[in-house]
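Peer 1: Just dropping this structure here.
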Amino acid sequence: MKLKQFLLLPCFFPAFLSAQPTAPEPRPTPAAEVLAGIEKGKAAELRSVARNVTLQSIGPTIMSGRVVDIEADPNDPSHFYVAYASGGVWFTDNNGTSFTPVFDEPPTNDIGAIAVEWTKENDGKATIWVGTGEANS
């Protein structure tokens, strides 16, 4: 009797292995889906019981996570921008002693990269480009 059970086991084992589900292929989120999610978030904000509570970010000192990009002024490296994967873009002009948010109004804080034109031809201000859509936030 035990011999029959032993012989049947190898017959079922390969069928069990072939029945394993495969993970779906990763795909980028379509822009329309991202925008629909942003609109859904805005609607939830309007319904929130905490909508009238004023919040203020105190800077990246409490941000956990990954810095995805740093852009320093080549003429004064104590001035630089820091981009966080899920924490926005921040600027410092005192070598990181304090930071000011520069990208806190857009509907997303997921940052993938930044680029800065430091020539300051626009009224003495640098031009910054922010690439949103960091995939791992």
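Residues in the structure tokens are numbered from 1 in each chain, the chains being A, B, ... in the order shown, and ligands are numbered from 1 in the order shown.
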If you count only C-alpha atoms, which residues fall within 8 Å of A:Thr100, apart from same-chain ones fewer than 2 positions away, as a list in words?
Peer 2: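 My reading of the contact set: Gly59, Trp90, Phe91, Thr92, Ser98 and Val102 of chain A.
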Peer 1: Please write the residues from the selection above to a file, keeping C-alpha atoms, as a compact mmCIF listing (two decimals), in the first residue's frame.
Peer 2:
# COMPACT_ATOMS: atom_id res chain seq x y z
CA GLY A 59 11.33 70.80 5.62
CA TRP A 90 13.76 71.86 -1.81
CA PHE A 91 16.30 74.71 -2.06
CA THR A 92 19.06 75.80 0.31
CA SER A 98 17.75 75.18 6.25
CA VAL A 102 9.98 75.10 -4.23
Peer 1: Rounded to one decimal in Å, what is the spacing between atom CA of A:Ala85 and atom CA of A:Glu134?
Peer 2: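 Pair atom CA of A:Ala85 / atom CA of A:Glu134 returns 6.0 Å.
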Peer 1: With distances taken over only C-alpha atoms, which residue among A:Glu105, A:Glu33, A:Asp110, A:Glu117 lies nearest A:Asp73?
Peer 2: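 Of A:Glu105, A:Glu33, A:Asp110, A:Glu117, the one nearest A:Asp73, counting only C-alpha atoms, is A:Glu117.
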Peer 1: Counting only C-alpha atoms, what is within 10 Å of A:Asn109, bar same-chain residues fewer than 6 positions away, as a short mmCIF file (atom, residue, chain, number, x, y, z; two decimals) with N, CA and C atoms, in the first residue's frame?
Peer 2:
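As written to disk, out.cif reads:
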data_model
loop_
_atom_site.label_atom_id
_atom_site.label_comp_id
_atom_site.auth_asym_id
_atom_site.auth_seq_id
_atom_site.Cartn_x
_atom_site.Cartn_y
_atom_site.Cartn_z
N ALA A 83 16.03 66.96 -4.74
CA ALA A 83 14.77 66.33 -5.14
C ALA A 83 14.62 65.01 -4.40
N TYR A 84 13.46 64.83 -3.78
CA TYR A 84 13.16 63.60 -3.05
C TYR A 84 12.19 62.75 -3.86
N ALA A 85 12.35 61.43 -3.80
CA ALA A 85 11.50 60.53 -4.58
C ALA A 85 10.02 60.77 -4.31
N SER A 86 9.66 61.00 -3.08
CA SER A 86 8.25 61.25 -2.77
C SER A 86 8.10 62.41 -1.80
N GLY A 87 8.98 63.41 -1.91
CA GLY A 87 8.93 64.52 -0.96
C GLY A 87 9.13 65.88 -1.58
N GLY A 88 9.05 65.99 -2.90
CA GLY A 88 9.14 67.30 -3.53
C GLY A 88 10.56 67.77 -3.78
N VAL A 89 10.67 69.07 -4.07
CA VAL A 89 11.96 69.71 -4.36
C VAL A 89 12.18 70.83 -3.35
N PHE A 103 8.49 73.24 -4.75
CA PHE A 103 7.60 72.47 -5.61
C PHE A 103 6.49 71.86 -4.76
N THR A 132 8.49 64.75 -12.96
CA THR A 132 7.68 64.02 -11.98
C THR A 132 7.48 62.58 -12.45
N GLY A 133 6.91 61.78 -11.55
CA GLY A 133 6.57 60.41 -11.93
C GLY A 133 7.58 59.38 -11.45
N GLU A 134 8.20 59.59 -10.32
CA GLU A 134 9.14 58.61 -9.77
C GLU A 134 8.40 57.31 -9.55
N SER A 137 7.83 55.41 -5.56
CA SER A 137 7.42 56.16 -4.38
C SER A 137 6.30 55.49 -3.62
#
Peer 1: Pull the strand (DSSP E) assignments for stretch 44-109 of chain A out of DSSP run on the backbone, and list those residues as a PyMOL selection string.
Peer 2: chain A and resi 67-73+76-84+88-92+100-101
Peer 1: If you count only C-alpha atoms, which residues fall within 9 Å of A:Val116, apart from same-chain ones fewer than 5 positions away, as a list in words?
Peer 2: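 Near neighbours after the sequence-gap exclusion: Glu71, Ala72, Asp73, Tyr81, Ala126, Thr127, Ile128, Trp129 and Val130 of chain A.
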Peer 1: Let me see the file: selected residues, all heavy atoms, as a short mmCIF file (atom, residue, chain, number, x, y, z; two decimals), in the first residue's frame.
Peer 2:
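Full text of result.cif as output:
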data_model
loop_
_atom_site.label_atom_id
_atom_site.label_comp_id
_atom_site.auth_asym_id
_atom_site.auth_seq_id
_atom_site.Cartn_x
_atom_site.Cartn_y
_atom_site.Cartn_z
N GLU A 71 21.21 69.27 -7.43
CA GLU A 71 21.80 70.18 -8.42
C GLU A 71 22.39 71.37 -7.67
O GLU A 71 21.66 72.15 -7.05
CB GLU A 71 20.73 70.67 -9.41
CG GLU A 71 20.23 69.58 -10.34
CD GLU A 71 21.25 69.19 -11.39
OE1 GLU A 71 22.10 70.02 -11.78
OE2 GLU A 71 21.19 68.03 -11.83
N ALA A 72 23.71 71.52 -7.72
CA ALA A 72 24.41 72.60 -7.00
C ALA A 72 24.84 73.69 -7.98
O ALA A 72 25.16 73.42 -9.13
CB ALA A 72 25.62 72.05 -6.28
N ASP A 73 24.84 74.92 -7.49
CA ASP A 73 25.30 76.06 -8.26
C ASP A 73 26.82 75.93 -8.44
O ASP A 73 27.55 75.88 -7.45
CB ASP A 73 24.95 77.36 -7.52
CG ASP A 73 25.28 78.61 -8.30
OD1 ASP A 73 26.10 78.56 -9.23
OD2 ASP A 73 24.70 79.67 -7.96
N TYR A 81 19.66 72.57 -4.99
CA TYR A 81 18.31 72.01 -4.95
C TYR A 81 18.44 70.52 -4.66
O TYR A 81 19.37 69.86 -5.12
CB TYR A 81 17.61 72.18 -6.30
CG TYR A 81 17.24 73.61 -6.63
CD1 TYR A 81 18.12 74.43 -7.32
CD2 TYR A 81 16.01 74.12 -6.24
CE1 TYR A 81 17.79 75.74 -7.62
CE2 TYR A 81 15.67 75.43 -6.54
CZ TYR A 81 16.57 76.24 -7.22
OH TYR A 81 16.22 77.53 -7.52
N ALA A 126 17.32 81.44 -11.03
CA ALA A 126 17.67 80.25 -11.81
C ALA A 126 16.39 79.64 -12.37
O ALA A 126 15.30 79.81 -11.82
CB ALA A 126 18.39 79.24 -10.92
N THR A 127 16.53 78.91 -13.48
CA THR A 127 15.40 78.17 -14.06
C THR A 127 15.56 76.72 -13.67
O THR A 127 16.65 76.15 -13.83
CB THR A 127 15.39 78.30 -15.60
OG1 THR A 127 15.32 79.69 -15.94
CG2 THR A 127 14.21 77.56 -16.20
N ILE A 128 14.48 76.10 -13.16
CA ILE A 128 14.55 74.71 -12.74
C ILE A 128 13.47 73.91 -13.48
O ILE A 128 12.34 74.36 -13.61
CB ILE A 128 14.40 74.58 -11.21
CG1 ILE A 128 14.51 73.11 -10.78
CG2 ILE A 128 13.13 75.20 -10.70
CD1 ILE A 128 14.64 72.89 -9.30
N TRP A 129 13.87 72.75 -13.97
CA TRP A 129 12.94 71.81 -14.60
C TRP A 129 12.78 70.63 -13.66
O TRP A 129 13.77 70.11 -13.14
CB TRP A 129 13.49 71.32 -15.94
CG TRP A 129 13.56 72.38 -16.99
CD1 TRP A 129 12.58 72.72 -17.88
CD2 TRP A 129 14.65 73.24 -17.27
NE1 TRP A 129 13.01 73.75 -18.68
CE2 TRP A 129 14.28 74.09 -18.34
CE3 TRP A 129 15.92 73.39 -16.71
CZ2 TRP A 129 15.12 75.04 -18.86
CZ3 TRP A 129 16.77 74.35 -17.23
CH2 TRP A 129 16.37 75.16 -18.29
N VAL A 130 11.53 70.21 -13.45
CA VAL A 130 11.24 69.11 -12.52
C VAL A 130 10.55 68.00 -13.30
O VAL A 130 9.51 68.21 -13.93
CB VAL A 130 10.32 69.60 -11.37
CG1 VAL A 130 10.01 68.44 -10.44
CG2 VAL A 130 10.99 70.73 -10.62
#
Peer 1: Please determine, counting only C-alpha atoms, which residue among A:Asp76, A:Pro30, A:Asn95, A:Val68 has the shortest atom-to-atom distance to A:Ala115.
Peer 2: A:Val68
